[in-house]
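K.L.:
I am attaching a structure below and will ask some questions about it afterwards.
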Amino acid sequence: MKIAISSEGNTLSSKIDPHFGRCPYFAFYDTETGNTAFLINPAKEVTSGAGPAAVQFIASKKVEKVLSGEFGLKIRSLLESLNIEMQHEHDKTISEIIEQFKNQ
Amino acid sequence: MKIAIASGKGGTGKTFVSTNLFWTAQHFGIPTTLIDCDAEEPNVREFLDGEEQLVEHVYQNVPHIDPEKCTFCGKCAEYCNYNAILFLPENRFIKVLSDLCHDCGACSYACEYEAVIEQKKQIGTVKIFDFDGFSHIIESRSEVGVYSPVSVIKKAIKEADPQHLILLDTPPGISCPFVATVEQADFIILVAEPTPFGLHDLKLSVSTLRQLQKPFGVIVNKSGLGNRAVYQWLDENKIPLLLEIPFDKDIARTYSEGKILSQENEAYRKIFQQVLNIMMHTHWS
């Protein structure tokens, strides 16, 4: 399964970003291969509709789960209609979050 | 002639000044129309009554995508500048997010398969009230959750009789609703509060009006509050101070009771009349 995590930076020691739509990076983690990739969020600087644009970006990477601090109302219904599961996390680093998935 | 009554900061007294100028002008026999352009929170009618004459609904087009005709080429989403079309080619997923749509029409222009159908969505209402047989009140009111009230405001301004003295009670701030209102005006009255916050927002309004190259003057409301910084700044920048209205409990009481100061108090009626004279004189000269 592929998961996306909103990230403040592009390293494993970066913290999860509390905002979904305008986070600077997304960390993509593949639970099967154990690979992690950091990609710039193309939606972070758009004038309007950052949330939907970020949904489009992560959905195009075929993720099944997304972790962030917050998801807006419109975003929640969009992610649900795309069958992408949402999980709230705060203050943790990307590597700490990935560890949780390794231990499952 | 169109006069906009505006301010950067909310709560400085735009509606107080607009309703008093309206009452004074019509009292002295000038056919006047007061337009409540604050479509997101109209309140002029809390103070001035009138008989409803006309109700017009304002619509915008929102695209709907016909799943039978759509080929999932993605051109509509590519043309949309507002991220209002969510498109995932591999999932064969396409969805219009109507809250983000600006009704620019680019998606229907882009579509080569006639799959984009424009549907009407009501975004607001314009109501015209007859005040006394000669003067009118026009209220713009946008629906809750509408992205921009600009088209509702424009429609309201269009409805005014061009022969009238037209007063525009402008939305606060300096964003699109403010610009859409003041750009229609021949003269702008900025209502300011003599406080640090008031001065900060006055500067923003002035720099916007200068870019728009519009003539303006300032009414200081609640004078006696705060400090002298607003007056010094007006002086240094050679901006005309049209009037000072004192920070006075009686004025506040009259306003809170939904009454018009100019109607209740003859001294103020004369003062508002002078303001009208100054502006009409500035315009004609």
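Ordered as shown in the structure tokens, chains take letters A, B, and onward, while each chain numbers its residues from 1 and ligands are numbered from 1 in the order shown.
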At a cut-off of 7 Å, using only C-alpha atoms, what residues contact Cys23 (chain A)? Leave out same-chain residues fewer than 3 positions from it and give the result as a list in words.
P.N.:
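That gives Ser6, Ser7, Glu8, Asp17, His19, Phe20, Asn41 and Lys44 of chain A.
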K.L.:
Output as a list in words the set of chain A residues within 10 Å of chain B, with distances taken over only C-alpha atoms.
P.N.:
Ala43, Val46, Thr47, Ser48, Gly49, Ala50, Gly51, Pro52, Ala53, Ala54, Val55, Gln56, Phe57, Ala59, Ser60, Lys62, Lys74, Leu78, Ser81 and Leu82 of chain A
K.L.:
Report, in Å with one decimal, the straight-line distance from CA of Ala39 (chain B) to CA of Ser262 (chain B).
P.N.:
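Spanning CA of Ala39 (chain B) to CA of Ser262 (chain B) is a straight-line distance of 25.0 Å.
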K.L.:
Give the helix (DSSP H, G or I) residues of region 35-92 of chain A, as DSSP finds them on the backbone, and put them as an NGL selection string.
P.N.:
:A and (50-60 or 73-81)
K.L.:
For a quick check of understanding, using only C-alpha atoms, which of B:Ala6, B:Leu21, B:Val44, B:Cys80 has the smallest distance to Phe272 (chain B)?
P.N.:
B:Leu21
K.L.:
For Ser205 (chain B), which residue among B:Ala229, B:Ile174, B:Ala156, B:Val62 is the nearest when counting only C-alpha atoms?
P.N.:
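Once distances to Ser205 (chain B) are computed over only C-alpha atoms, the minimum belongs to B:Ile174.
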K.L.:
As a list in words, please: the residues near Asn83 (chain A) (cut-off 9 Å, only C-alpha atoms, same-chain neighbours under 4 positions excluded).
P.N.:
Glu64, Lys65, Leu78 and Leu79 of chain A
K.L.:
Give me the residues within 8 Å of Leu167 (chain B) as a PyMOL selection string, counting only C-alpha atoms and dropping any in the same chain fewer than 5 places off.
P.N.:
chain B and resi 2-5+18+22+32-35
K.L.:
For the selection just defined, write its residues with C-alpha atoms to a file, as an mmCIF file, in the first residue's frame.
P.N.:
data_model
loop_
_atom_site.group_PDB
_atom_site.id
_atom_site.type_symbol
_atom_site.label_atom_id
_atom_site.label_comp_id
_atom_site.auth_asym_id
_atom_site.auth_seq_id
_atom_site.Cartn_x
_atom_site.Cartn_y
_atom_site.Cartn_z
ATOM 1 C CA LYS B 2 -22.288 58.462 -7.902
ATOM 2 C CA ILE B 3 -20.702 58.809 -4.453
ATOM 3 C CA ALA B 4 -19.268 55.753 -2.698
ATOM 4 C CA ILE B 5 -19.026 55.698 1.085
ATOM 5 C CA SER B 18 -24.645 56.653 3.886
ATOM 6 C CA PHE B 22 -29.463 59.665 1.783
ATOM 7 C CA THR B 32 -31.580 59.879 -4.528
ATOM 8 C CA THR B 33 -30.849 56.169 -4.664
ATOM 9 C CA LEU B 34 -28.920 54.505 -1.850
ATOM 10 C CA ILE B 35 -27.449 51.156 -2.869
#
K.L.:
Please return, as a PyMOL selection string, all residues of chain A that DSSP assigns to strand (DSSP E or B) on the basis of the backbone.
P.N.:
chain A and resi 2-7+15-16+19+25-30+36-40+65-68+70+85-88+93
K.L.:
Produce a file of the selected residues containing C-alpha atoms, as a short mmCIF file (atom, residue, chain, number, x, y, z; two decimals), in the first residue's frame.
P.N.:
data_model
loop_
_atom_site.label_atom_id
_atom_site.label_comp_id
_atom_site.auth_asym_id
_atom_site.auth_seq_id
_atom_site.Cartn_x
_atom_site.Cartn_y
_atom_site.Cartn_z
CA LYS A 2 1.17 3.52 -0.77
CA ILE A 3 0.65 6.28 1.76
CA ALA A 4 1.13 10.05 1.53
CA ILE A 5 2.18 12.24 4.49
CA SER A 6 2.06 16.05 4.42
CA SER A 7 5.59 17.15 5.31
CA LYS A 15 7.86 16.99 10.83
CA ILE A 16 4.40 16.22 9.52
CA HIS A 19 -1.97 21.63 6.72
CA TYR A 25 6.18 18.49 0.47
CA PHE A 26 4.45 15.16 0.44
CA ALA A 27 6.33 12.09 1.66
CA PHE A 28 5.23 8.98 -0.24
CA TYR A 29 5.92 5.68 1.53
CA ASP A 30 5.39 2.27 -0.03
CA THR A 36 10.17 6.70 0.68
CA ALA A 37 10.10 9.60 -1.79
CA PHE A 38 9.69 13.32 -1.06
CA LEU A 39 7.97 15.35 -3.76
CA ILE A 40 7.22 19.08 -3.85
CA LYS A 65 -4.06 6.48 2.71
CA VAL A 66 -3.09 10.05 3.59
CA LEU A 67 -1.82 11.47 6.87
CA SER A 68 -1.99 15.14 7.85
CA GLU A 70 -6.16 18.61 9.25
CA GLU A 85 -8.42 6.85 3.84
CA MET A 86 -7.58 9.83 6.10
CA GLN A 87 -5.57 9.68 9.31
CA HIS A 88 -4.83 12.57 11.66
CA THR A 93 8.56 13.24 12.29
#
K.L.:
Grab the CA of Asn61 (chain B) to CA of Ile153 (chain B) distance for me, in Å with one decimal place.
P.N.:
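Computed distance, CA of Asn61 (chain B) to CA of Ile153 (chain B), equals 16.8 Å.
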K.L.:
Here is a test: counting only C-alpha atoms, which residue of A:Gly34, A:Pro18, A:Gly72, A:Gly9 is nearest to Asp91 (chain A)?
P.N.:
A:Pro18
K.L.:
Using only C-alpha atoms, find the one residue out of A:Thr31, A:Pro24, A:Lys61, A:Ser13 that sits nearest to Gln100 (chain A).
P.N.:
A:Thr31
K.L.:
Quick one: everything within 12 Å of Gly145 (chain B), counting only C-alpha atoms, minus sequence neighbours fewer than 6 positions away in the same chain. Send it as a list in words.
P.N.:
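The filter keeps Glu40, Ser98, Asp99, Leu100, Gln122, Ile123 and Gly124 of chain B.
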